[in-house]
Amino acid sequence: MNTQKSHIRFLTLLLLAWVASGARAESVAANPYADETPAQRDARMQWWREARFGLFIHWGVYAVPAGNLHGKQVPHDGAWLMDIRGVPTSEYMAFAREFNPVKYDPDAWVRLAKEAGMKYIVITSKHHDGFALFDSRASDWNVVKATPYGKDLLTPLAEACRKQGIKLGFYYSQAMDWSTNGGAVWGGKKKWDKAQERSMDEYIDKVAVPQVREILTKYGEFPAVLWWDTPMDMNHERAGKLVELLRLKPGIIHNNRLGGDFSGDTETPEQFVPAMGYRDGRNFEVCMTMNDTWGYKNYDHNWKSTETLVRNLIDVASKGGNYLLNVGPTAQGEIPAPSVERLKEVGAWMKVNGTAIYDTTASPFSRLPWGRCTKRVSGNQTTLYLHVFKWPADGQLTVPGLKSPAKSARLLQTGKRLKTAASADGLVVNVPKAAPDPISTTLVLETAGVPEIEAPKPVVVKQSADGSLRLEAIDAALTGGLQYLSGHHQAIACWQRPEDTASWPLAIQRPGRFKVGARISSLGQGKFEVFLGQQKLAGTALKTGSYETYQTVSLDGELDITALGNEMLTVKPVAEGWAPLNLESIELKPVK
């Protein structure tokens, strides 16, 4: 995986472009699913769509340096240490002598995944450093031949998954291999070791193809998933040699990162939750770390809270996707304690609320100010699971735009029946004054047939007691391709096209002069303008370092609002030099 912040968005957009371009038709001879019917595809994907939650495991020799080299901490992801510092192959391979996972307990790992409510596991059979967790005839750079441990790590994991009823998938870096002659390196970067200089075609034929054949044939019914990663320099011919090997494992699912115009079965947004599901019904799986690294780093303690992890899972499910949450074990074979703690806490929530996640489909609502919704249809009945993050202080939860009456309404946690009533704004559910669950409380609404839902009305932003106005992303009217990004930050997501706009209607009760600030995350410094009537203010985004880090930008000048009544504030990008950003909010503060 690539967690170098400036590369993540590039890679995601590159992958999406490959899928969308349709530049070449997939080779029927190579692709085992080229002639698959929709019904066949649905049957093959069924278990995966129902699962919704899986465990990602990034494990390898990089766990030995644990993010450190020559006494110094190496930035970015632990699994990318070799690339980031250009470590010579011989020096890096020496770490294998210290890779001895004597504390590895695959049965405990699988039990932990089950306790967390996960239905499948994907583990790095070989990452970009080329080190294999299995015994390979194609390369001695593997756990059996290069480490004191000397045993295949995938065999006992497959057995544990088999016994405990968990699906097992294998991640395989098919293109980038920094330790093996001929493997690719990150785009635009020069190879730093003569040991890397063989042709890539020779690498594909002598290493990648044989190793993929090995992992597809050595572990019984597994892998259920083959998770390709980073299709650097993968043309159609190279990718075709790999994709045709999937015939060895009928029914296997694979993702969109093989390259060579093979789109695979699943989209793979990395480290962010997309604003909505993918067009044309594409399956998607959000892969995400629990802290800031895929591979183990002994000093990365920036752990996501259990609340964030649970709400991310709900958010992903509400858009019809799966959540693949990562752990990075140590070189001794232990999953870090903070990961274990959080997975157990997520599992406690899932034990109560799992029915509102598993085998559900995307929300029928475009936005909900208090949380998310998942859906299940059975015959002529639709069940709406309302995941409430922000509990209503007045005991009345409005489901905006829902015109269908509820046949029944209840709290999932306790089964308590709830009263409902129709209103001009939607269906109102009478709920207890206190939230039963501070992270997310699930309400269950049952309706007959397809729910009737009106488009949401614009939210008029009113002034606070001090005269300020806070314009939240979720309340904006959006044009063009703009979408809402939810999760830890509710924002207007991936604002890429400068022709798109966001607008908010304002109700002014206290006119005056106002300073304006915009809360933004961006990797660039795109310029934008804020319009109110004939007035215009200019602003420039800050480079915040990642799309998860937000900072407030102060706009030049002030807005002068002289009259009571309604106004419309609009944000427009400046086309020249525009750089994508996320916009969380706009705030107007009175000048005293």
# chains A, B, ... in the order shown; residues from 1 in each chain; ligands from 1
call {"tool": "residues_around", "arguments": {"residues": "Asp466 in chain A", "least_positions_apart": "5", "cutoff": "10 Å", "atoms": "only C-alpha atoms", "output": "list in words"}}
result
Arg510, Lys589 and Pro590 of chain A
call {"tool": "closest_atom_pairs", "arguments": {"of": "range 63-128 of chain A", "to": "range 31-52 of chain A", "cutoff": "10 Å", "atoms": "only C-alpha atoms", "output": "JSON lines"}}
result
{"residue": "A:Gly117", "atom": "CA", "partner": "A:Ala51", "partner_atom": "CA", "distance": 9.3}
{"residue": "A:Met118", "atom": "CA", "partner": "A:Ala51", "partner_atom": "CA", "distance": 7.4}
{"residue": "A:Lys119", "atom": "CA", "partner": "A:Ala51", "partner_atom": "CA", "distance": 5.4}
{"residue": "A:Tyr120", "atom": "CA", "partner": "A:Ala51", "partner_atom": "CA", "distance": 7.5}
call {"tool": "select_by_dssp", "arguments": {"residues": "range 149-241 of chain A", "states": "alpha helix (DSSP H)", "output": "ChimeraX atom specification"}}
result
/A:154-164,200-203,209-217,236-241
call {"tool": "write_last_selection", "arguments": {"atoms": "C-alpha atoms", "output": "PDB file, in the first residue's frame"}}
result
ATOM      1  CA  LEU A 154      -0.098 -18.621   5.161  1.00  0.00           C
ATOM      2  CA  THR A 155      -0.753 -22.343   5.676  1.00  0.00           C
ATOM      3  CA  PRO A 156      -1.733 -22.129   9.368  1.00  0.00           C
ATOM      4  CA  LEU A 157      -3.741 -18.954   8.728  1.00  0.00           C
ATOM      5  CA  ALA A 158      -5.684 -20.729   6.000  1.00  0.00           C
ATOM      6  CA  GLU A 159      -6.345 -23.623   8.370  1.00  0.00           C
ATOM      7  CA  ALA A 160      -7.525 -21.263  11.119  1.00  0.00           C
ATOM      8  CA  CYS A 161      -9.873 -19.487   8.695  1.00  0.00           C
ATOM      9  CA  ARG A 162     -11.199 -22.817   7.479  1.00  0.00           C
ATOM     10  CA  LYS A 163     -11.958 -23.989  11.026  1.00  0.00           C
ATOM     11  CA  GLN A 164     -13.583 -20.731  12.099  1.00  0.00           C
ATOM     12  CA  MET A 200      10.173  -6.299 -16.223  1.00  0.00           C
ATOM     13  CA  ASP A 201       8.901  -8.858 -18.737  1.00  0.00           C
ATOM     14  CA  GLU A 202      11.466 -11.317 -17.407  1.00  0.00           C
ATOM     15  CA  TYR A 203      10.344 -10.517 -13.854  1.00  0.00           C
ATOM     16  CA  VAL A 209       3.439 -15.562 -12.757  1.00  0.00           C
ATOM     17  CA  PRO A 210       4.939 -18.541 -10.875  1.00  0.00           C
ATOM     18  CA  GLN A 211       4.226 -16.986  -7.482  1.00  0.00           C
ATOM     19  CA  VAL A 212       0.615 -16.160  -8.323  1.00  0.00           C
ATOM     20  CA  ARG A 213       0.190 -19.736  -9.524  1.00  0.00           C
ATOM     21  CA  GLU A 214       1.610 -20.914  -6.195  1.00  0.00           C
ATOM     22  CA  ILE A 215      -0.703 -18.875  -3.995  1.00  0.00           C
ATOM     23  CA  LEU A 216      -3.708 -19.885  -6.103  1.00  0.00           C
ATOM     24  CA  THR A 217      -3.031 -23.601  -5.809  1.00  0.00           C
ATOM     25  CA  HIS A 236      -2.108  -5.362 -21.227  1.00  0.00           C
ATOM     26  CA  GLU A 237       0.187  -8.248 -22.115  1.00  0.00           C
ATOM     27  CA  ARG A 238       1.836  -8.418 -18.692  1.00  0.00           C
ATOM     28  CA  ALA A 239      -1.458  -8.141 -16.843  1.00  0.00           C
ATOM     29  CA  GLY A 240      -3.075 -10.701 -19.150  1.00  0.00           C
ATOM     30  CA  LYS A 241      -0.550 -13.348 -18.114  1.00  0.00           C
TER      31      LYS A 241
END
call {"tool": "residues_around", "arguments": {"residues": "Leu402 in chain A", "least_positions_apart": "2", "cutoff": "12 Å", "atoms": "only C-alpha atoms", "output": "ChimeraX atom specification"}}
result
/A:364-368,384,397-400,404-406,420-429,445,447,450-456
call {"tool": "select_by_dssp", "arguments": {"residues": "range 266-461 of chain A", "states": "strand (DSSP E or B)", "output": "ChimeraX atom specification"}}
result
/A:266-267,270,283-288,322-327,361,371-378,381-388,396-400,402,408-411,417,420-423,426-430,441-448,453,461
call {"tool": "closest_residue", "arguments": {"among": "A:Lys543, A:Arg311, A:His128, A:Arg372", "to": "Trp349 in chain A", "atoms": "only C-alpha atoms"}}
result
A:Arg311
call {"tool": "closest_atom_pairs", "arguments": {"of": "range 298-384 of chain A", "to": "range 58-74 of chain A", "cutoff": "7 Å", "atoms": "only C-alpha atoms", "output": "JSON lines"}}
result
{"residue": "A:Asn298", "atom": "CA", "partner": "A:Ala66", "partner_atom": "CA", "distance": 5.5}
{"residue": "A:Val327", "atom": "CA", "partner": "A:His58", "partner_atom": "CA", "distance": 6.5}
{"residue": "A:Gly328", "atom": "CA", "partner": "A:His58", "partner_atom": "CA", "distance": 5.1}
{"residue": "A:Pro329", "atom": "CA", "partner": "A:Trp59", "partner_atom": "CA", "distance": 5.9}
{"residue": "A:Thr330", "atom": "CA", "partner": "A:Ala63", "partner_atom": "CA", "distance": 5.4}
{"residue": "A:Ala331", "atom": "CA", "partner": "A:Ala63", "partner_atom": "CA", "distance": 5.0}
call {"tool": "write_last_selection", "arguments": {"atoms": "C-alpha atoms", "output": "compact mmCIF listing (two decimals), in the first residue's frame"}}
result
# COMPACT_ATOMS: atom_id res chain seq x y z
CA ASN A 298 6.87 1.22 16.77
CA VAL A 327 -3.49 -4.18 11.32
CA GLY A 328 0.31 -4.27 11.10
CA PRO A 329 1.79 -7.07 13.22
CA THR A 330 5.26 -6.92 14.75
CA ALA A 331 8.26 -8.96 13.64
call {"tool": "residues_around", "arguments": {"residues": "Pro498 in chain A", "least_positions_apart": "3", "cutoff": "9 Å", "atoms": "only C-alpha atoms", "output": "ChimeraX atom specification"}}
result
/A:495,501,528,572-576,578-580
call {"tool": "write_last_selection", "arguments": {"atoms": "all heavy atoms", "output": "short mmCIF file (atom, residue, chain, number, x, y, z; two decimals), in the first residue's frame"}}
result
data_model
loop_
_atom_site.label_atom_id
_atom_site.label_comp_id
_atom_site.auth_asym_id
_atom_site.auth_seq_id
_atom_site.Cartn_x
_atom_site.Cartn_y
_atom_site.Cartn_z
N TRP A 495 -13.12 18.19 -4.44
CA TRP A 495 -13.59 19.26 -5.32
C TRP A 495 -12.58 19.42 -6.45
O TRP A 495 -11.62 20.15 -6.35
CB TRP A 495 -13.71 20.55 -4.52
CG TRP A 495 -14.55 21.61 -5.16
CD1 TRP A 495 -14.72 21.86 -6.48
CD2 TRP A 495 -15.34 22.58 -4.47
NE1 TRP A 495 -15.56 22.92 -6.67
CE2 TRP A 495 -15.96 23.39 -5.46
CE3 TRP A 495 -15.57 22.86 -3.13
CZ2 TRP A 495 -16.79 24.45 -5.13
CZ3 TRP A 495 -16.41 23.92 -2.81
CH2 TRP A 495 -17.01 24.70 -3.80
N THR A 501 -19.94 24.41 -8.06
CA THR A 501 -20.13 25.41 -7.01
C THR A 501 -20.87 24.82 -5.82
O THR A 501 -21.54 23.79 -5.92
CB THR A 501 -20.92 26.62 -7.53
OG1 THR A 501 -22.25 26.19 -7.90
CG2 THR A 501 -20.24 27.24 -8.74
N PHE A 528 -9.86 30.28 -4.68
CA PHE A 528 -11.31 30.22 -4.78
C PHE A 528 -11.89 31.57 -4.38
O PHE A 528 -11.20 32.41 -3.80
CB PHE A 528 -11.88 29.11 -3.90
CG PHE A 528 -11.55 29.25 -2.44
CD1 PHE A 528 -12.43 29.87 -1.56
CD2 PHE A 528 -10.34 28.79 -1.94
CE1 PHE A 528 -12.12 30.02 -0.22
CE2 PHE A 528 -10.02 28.92 -0.59
CZ PHE A 528 -10.91 29.54 0.27
N LYS A 572 -16.94 29.51 -5.38
CA LYS A 572 -16.55 29.11 -6.73
C LYS A 572 -15.03 29.02 -6.81
O LYS A 572 -14.32 29.93 -6.37
CB LYS A 572 -17.05 30.13 -7.76
CG LYS A 572 -18.55 30.27 -7.87
CD LYS A 572 -18.92 31.30 -8.93
CE LYS A 572 -20.43 31.46 -9.05
NZ LYS A 572 -20.80 32.48 -10.08
N PRO A 573 -14.50 27.95 -7.39
CA PRO A 573 -13.05 27.88 -7.61
C PRO A 573 -12.60 28.82 -8.71
O PRO A 573 -13.38 29.23 -9.58
CB PRO A 573 -12.84 26.42 -8.04
CG PRO A 573 -14.07 25.69 -7.61
CD PRO A 573 -15.18 26.69 -7.72
N VAL A 574 -11.32 29.17 -8.67
CA VAL A 574 -10.67 29.89 -9.76
C VAL A 574 -10.01 28.83 -10.64
O VAL A 574 -9.17 28.05 -10.16
CB VAL A 574 -9.62 30.89 -9.23
CG1 VAL A 574 -8.87 31.53 -10.39
CG2 VAL A 574 -10.31 31.95 -8.37
N ALA A 575 -10.39 28.79 -11.90
CA ALA A 575 -9.98 27.69 -12.78
C ALA A 575 -8.46 27.60 -12.94
O ALA A 575 -7.88 26.50 -12.89
CB ALA A 575 -10.64 27.83 -14.14
N GLU A 576 -7.81 28.72 -13.10
CA GLU A 576 -6.36 28.71 -13.33
C GLU A 576 -5.62 28.23 -12.08
O GLU A 576 -5.74 28.80 -11.00
CB GLU A 576 -5.87 30.11 -13.71
CG GLU A 576 -4.40 30.14 -14.08
CD GLU A 576 -3.94 31.53 -14.51
OE1 GLU A 576 -4.79 32.44 -14.59
OE2 GLU A 576 -2.74 31.70 -14.76
N TRP A 578 -6.12 25.51 -10.40
CA TRP A 578 -6.98 24.88 -9.40
C TRP A 578 -6.39 23.55 -8.93
O TRP A 578 -5.90 22.75 -9.72
CB TRP A 578 -8.38 24.66 -9.95
CG TRP A 578 -9.30 23.97 -8.99
CD1 TRP A 578 -9.87 22.75 -9.12
CD2 TRP A 578 -9.76 24.48 -7.73
NE1 TRP A 578 -10.65 22.45 -8.03
CE2 TRP A 578 -10.60 23.50 -7.16
CE3 TRP A 578 -9.52 25.67 -7.04
CZ2 TRP A 578 -11.21 23.67 -5.92
CZ3 TRP A 578 -10.13 25.84 -5.80
CH2 TRP A 578 -10.97 24.85 -5.26
N ALA A 579 -6.44 23.30 -7.63
CA ALA A 579 -6.00 22.05 -7.04
C ALA A 579 -7.15 21.48 -6.21
O ALA A 579 -7.80 22.21 -5.47
CB ALA A 579 -4.77 22.28 -6.15
N PRO A 580 -7.43 20.17 -6.33
CA PRO A 580 -8.55 19.58 -5.60
C PRO A 580 -8.46 19.82 -4.10
O PRO A 580 -7.37 19.86 -3.52
CB PRO A 580 -8.43 18.09 -5.93
CG PRO A 580 -7.70 18.04 -7.22
CD PRO A 580 -6.74 19.18 -7.17
#
call {"tool": "closest_residue", "arguments": {"among": "A:Lys592, A:Ala491, A:Ile253, A:Glu244", "to": "Val273 in chain A", "atoms": "only C-alpha atoms"}}
result
A:Ala491
call {"tool": "closest_residue", "arguments": {"among": "A:Met288, A:Pro274, A:Lys151, A:Gly295", "to": "Lys319 in chain A", "atoms": "only C-alpha atoms"}}
result
A:Pro274
call {"tool": "closest_residue", "arguments": {"among": "A:Glu221, A:Asp261, A:Glu529, A:Glu91", "to": "Ala541 in chain A", "atoms": "only C-alpha atoms"}}
result
A:Glu529
call {"tool": "residues_around", "arguments": {"residues": "range 170-178 of chain A", "least_positions_apart": "2", "cutoff": "6 Å", "atoms": "only C-alpha atoms", "output": "PDB file with N, CA, C and O atoms, in the first residue's frame"}}
result
ATOM      1  N   VAL A 122      -7.715 -10.388   4.465  1.00  0.00           N
ATOM      2  CA  VAL A 122      -6.793 -10.286   3.328  1.00  0.00           C
ATOM      3  C   VAL A 122      -5.408 -10.002   3.899  1.00  0.00           C
ATOM      4  O   VAL A 122      -5.233  -9.029   4.624  1.00  0.00           O
ATOM      5  N   ILE A 123      -4.433 -10.848   3.575  1.00  0.00           N
ATOM      6  CA  ILE A 123      -3.078 -10.694   4.101  1.00  0.00           C
ATOM      7  C   ILE A 123      -2.080 -10.528   2.964  1.00  0.00           C
ATOM      8  O   ILE A 123      -2.261 -11.078   1.873  1.00  0.00           O
ATOM      9  N   THR A 124      -1.023  -9.775   3.211  1.00  0.00           N
ATOM     10  CA  THR A 124       0.010  -9.522   2.207  1.00  0.00           C
ATOM     11  C   THR A 124       0.863 -10.771   1.996  1.00  0.00           C
ATOM     12  O   THR A 124       1.819 -11.014   2.730  1.00  0.00           O
ATOM     13  N   SER A 125       0.542 -11.544   0.980  1.00  0.00           N
ATOM     14  CA  SER A 125       1.387 -12.699   0.664  1.00  0.00           C
ATOM     15  C   SER A 125       2.757 -12.236   0.173  1.00  0.00           C
ATOM     16  O   SER A 125       3.768 -12.882   0.426  1.00  0.00           O
ATOM     17  N   LYS A 126       2.782 -11.104  -0.519  1.00  0.00           N
ATOM     18  CA  LYS A 126       4.033 -10.449  -0.905  1.00  0.00           C
ATOM     19  C   LYS A 126       3.754  -8.973  -1.109  1.00  0.00           C
ATOM     20  O   LYS A 126       2.872  -8.605  -1.892  1.00  0.00           O
ATOM     21  N   HIS A 127       4.519  -8.130  -0.415  1.00  0.00           N
ATOM     22  CA  HIS A 127       4.339  -6.683  -0.564  1.00  0.00           C
ATOM     23  C   HIS A 127       5.387  -6.153  -1.530  1.00  0.00           C
ATOM     24  O   HIS A 127       6.080  -6.910  -2.214  1.00  0.00           O
ATOM     25  N   HIS A 128       5.498  -4.819  -1.610  1.00  0.00           N
ATOM     26  CA  HIS A 128       6.369  -4.199  -2.614  1.00  0.00           C
ATOM     27  C   HIS A 128       7.852  -4.484  -2.394  1.00  0.00           C
ATOM     28  O   HIS A 128       8.650  -4.304  -3.314  1.00  0.00           O
ATOM     29  N   ASP A 129       8.225  -4.900  -1.196  1.00  0.00           N
ATOM     30  CA  ASP A 129       9.634  -5.231  -0.967  1.00  0.00           C
ATOM     31  C   ASP A 129       9.994  -6.614  -1.499  1.00  0.00           C
ATOM     32  O   ASP A 129      11.162  -7.026  -1.435  1.00  0.00           O
ATOM     33  N   GLY A 130       9.000  -7.339  -2.029  1.00  0.00           N
ATOM     34  CA  GLY A 130       9.254  -8.627  -2.669  1.00  0.00           C
ATOM     35  C   GLY A 130       9.318  -9.805  -1.735  1.00  0.00           C
ATOM     36  O   GLY A 130       9.395 -10.955  -2.191  1.00  0.00           O
ATOM     37  N   THR A 180      13.736  -7.659  -6.044  1.00  0.00           N
ATOM     38  CA  THR A 180      13.861  -8.703  -7.057  1.00  0.00           C
ATOM     39  C   THR A 180      14.191  -8.087  -8.404  1.00  0.00           C
ATOM     40  O   THR A 180      13.540  -7.124  -8.823  1.00  0.00           O
ATOM     41  N   GLY A 183      11.719  -6.050 -11.032  1.00  0.00           N
ATOM     42  CA  GLY A 183      10.501  -5.496 -10.464  1.00  0.00           C
ATOM     43  C   GLY A 183      10.441  -3.993 -10.647  1.00  0.00           C
ATOM     44  O   GLY A 183      11.468  -3.304 -10.705  1.00  0.00           O
ATOM     45  N   ALA A 184       9.226  -3.457 -10.721  1.00  0.00           N
ATOM     46  CA  ALA A 184       9.047  -2.019 -10.921  1.00  0.00           C
ATOM     47  C   ALA A 184       9.261  -1.269  -9.609  1.00  0.00           C
ATOM     48  O   ALA A 184       9.195  -1.840  -8.511  1.00  0.00           O
ATOM     49  N   VAL A 185       9.525   0.040  -9.736  1.00  0.00           N
ATOM     50  CA  VAL A 185       9.569   0.937  -8.592  1.00  0.00           C
ATOM     51  C   VAL A 185       8.505   2.011  -8.804  1.00  0.00           C
ATOM     52  O   VAL A 185       7.873   2.081  -9.856  1.00  0.00           O
ATOM     53  N   ALA A 208       6.570 -13.229 -10.931  1.00  0.00           N
ATOM     54  CA  ALA A 208       5.173 -12.922 -10.633  1.00  0.00           C
ATOM     55  C   ALA A 208       4.223 -14.040 -11.053  1.00  0.00           C
ATOM     56  O   ALA A 208       3.382 -14.488 -10.267  1.00  0.00           O
ATOM     57  N   PRO A 223      -7.078 -18.691  -2.089  1.00  0.00           N
ATOM     58  CA  PRO A 223      -7.733 -17.462  -1.628  1.00  0.00           C
ATOM     59  C   PRO A 223      -9.102 -17.255  -2.265  1.00  0.00           C
ATOM     60  O   PRO A 223      -9.322 -17.599  -3.422  1.00  0.00           O
ATOM     61  N   LEU A 226      -8.130 -12.182  -4.557  1.00  0.00           N
ATOM     62  CA  LEU A 226      -6.759 -11.833  -4.909  1.00  0.00           C
ATOM     63  C   LEU A 226      -6.707 -10.318  -5.032  1.00  0.00           C
ATOM     64  O   LEU A 226      -7.347  -9.733  -5.892  1.00  0.00           O
ATOM     65  N   TRP A 227      -5.926  -9.720  -4.140  1.00  0.00           N
ATOM     66  CA  TRP A 227      -5.887  -8.260  -3.986  1.00  0.00           C
ATOM     67  C   TRP A 227      -4.604  -7.742  -4.615  1.00  0.00           C
ATOM     68  O   TRP A 227      -3.545  -7.674  -3.976  1.00  0.00           O
ATOM     69  N   TRP A 228      -4.665  -7.411  -5.918  1.00  0.00           N
ATOM     70  CA  TRP A 228      -3.508  -6.835  -6.599  1.00  0.00           C
ATOM     71  C   TRP A 228      -3.210  -5.455  -6.026  1.00  0.00           C
ATOM     72  O   TRP A 228      -4.098  -4.797  -5.491  1.00  0.00           O
ATOM     73  N   ASP A 229      -1.955  -4.996  -6.209  1.00  0.00           N
ATOM     74  CA  ASP A 229      -1.677  -3.634  -5.747  1.00  0.00           C
ATOM     75  C   ASP A 229      -0.625  -2.946  -6.605  1.00  0.00           C
ATOM     76  O   ASP A 229       0.435  -3.510  -6.883  1.00  0.00           O
ATOM     77  N   PRO A 231      -0.367  -0.984 -10.039  1.00  0.00           N
ATOM     78  CA  PRO A 231      -0.072  -1.531 -11.377  1.00  0.00           C
ATOM     79  C   PRO A 231       0.985  -0.742 -12.140  1.00  0.00           C
ATOM     80  O   PRO A 231       0.798  -0.369 -13.302  1.00  0.00           O
ATOM     81  N   MET A 232       2.109  -0.479 -11.502  1.00  0.00           N
ATOM     82  CA  MET A 232       3.158   0.302 -12.128  1.00  0.00           C
ATOM     83  C   MET A 232       3.753  -0.449 -13.320  1.00  0.00           C
ATOM     84  O   MET A 232       4.181  -1.605 -13.187  1.00  0.00           O
TER      85      MET A 232
END
call {"tool": "residues_around", "arguments": {"residues": "Leu555 in chain A", "least_positions_apart": "5", "cutoff": "7 Å", "atoms": "only C-alpha atoms", "output": "list of chain:residue names"}}
result
A:Val516, A:Gly517, A:Leu537, A:Ala538, A:Gly539
call {"tool": "write_last_selection", "arguments": {"atoms": "all heavy atoms", "output": "mmCIF file, in the first residue's frame"}}
result
data_model
loop_
_atom_site.group_PDB
_atom_site.id
_atom_site.type_symbol
_atom_site.label_atom_id
_atom_site.label_comp_id
_atom_site.auth_asym_id
_atom_site.auth_seq_id
_atom_site.Cartn_x
_atom_site.Cartn_y
_atom_site.Cartn_z
ATOM 1 N N VAL A 516 -14.513 36.279 6.913
ATOM 2 C CA VAL A 516 -14.911 34.972 6.395
ATOM 3 C C VAL A 516 -13.730 34.013 6.454
ATOM 4 O O VAL A 516 -12.607 34.353 6.056
ATOM 5 C CB VAL A 516 -15.419 35.090 4.937
ATOM 6 C CG1 VAL A 516 -15.856 33.722 4.421
ATOM 7 C CG2 VAL A 516 -16.576 36.086 4.865
ATOM 8 N N GLY A 517 -13.977 32.806 6.948
ATOM 9 C CA GLY A 517 -12.962 31.751 6.988
ATOM 10 C C GLY A 517 -13.504 30.483 6.368
ATOM 11 O O GLY A 517 -14.708 30.193 6.450
ATOM 12 N N LEU A 537 -15.012 37.898 -2.286
ATOM 13 C CA LEU A 537 -13.778 37.756 -1.513
ATOM 14 C C LEU A 537 -12.949 36.623 -2.096
ATOM 15 O O LEU A 537 -13.495 35.648 -2.624
ATOM 16 C CB LEU A 537 -14.070 37.464 -0.040
ATOM 17 C CG LEU A 537 -14.916 38.476 0.743
ATOM 18 C CD1 LEU A 537 -15.036 38.044 2.196
ATOM 19 C CD2 LEU A 537 -14.321 39.873 0.649
ATOM 20 N N ALA A 538 -11.631 36.748 -1.980
ATOM 21 C CA ALA A 538 -10.722 35.740 -2.539
ATOM 22 C C ALA A 538 -9.999 34.998 -1.422
ATOM 23 O O ALA A 538 -9.681 35.569 -0.374
ATOM 24 C CB ALA A 538 -9.698 36.398 -3.462
ATOM 25 N N GLY A 539 -9.735 33.707 -1.681
ATOM 26 C CA GLY A 539 -8.989 32.901 -0.724
ATOM 27 C C GLY A 539 -8.079 31.919 -1.438
ATOM 28 O O GLY A 539 -8.281 31.614 -2.621
#
call {"tool": "closest_residue", "arguments": {"among": "A:Gln509, A:Gln271, A:Asn322, A:Gln413", "to": "Ser468 in chain A", "atoms": "only C-alpha atoms"}}
result
A:Gln509
call {"tool": "atom_distance", "arguments": {"atom1": "CA of Val388 in chain A", "atom2": "CA of Ser440 in chain A"}}
result
5.3 Å
call {"tool": "closest_residue", "arguments": {"among": "A:Ile335, A:Val352, A:Ala79, A:Asn256", "to": "Pro101 in chain A", "atoms": "only C-alpha atoms"}}
result
A:Ile335
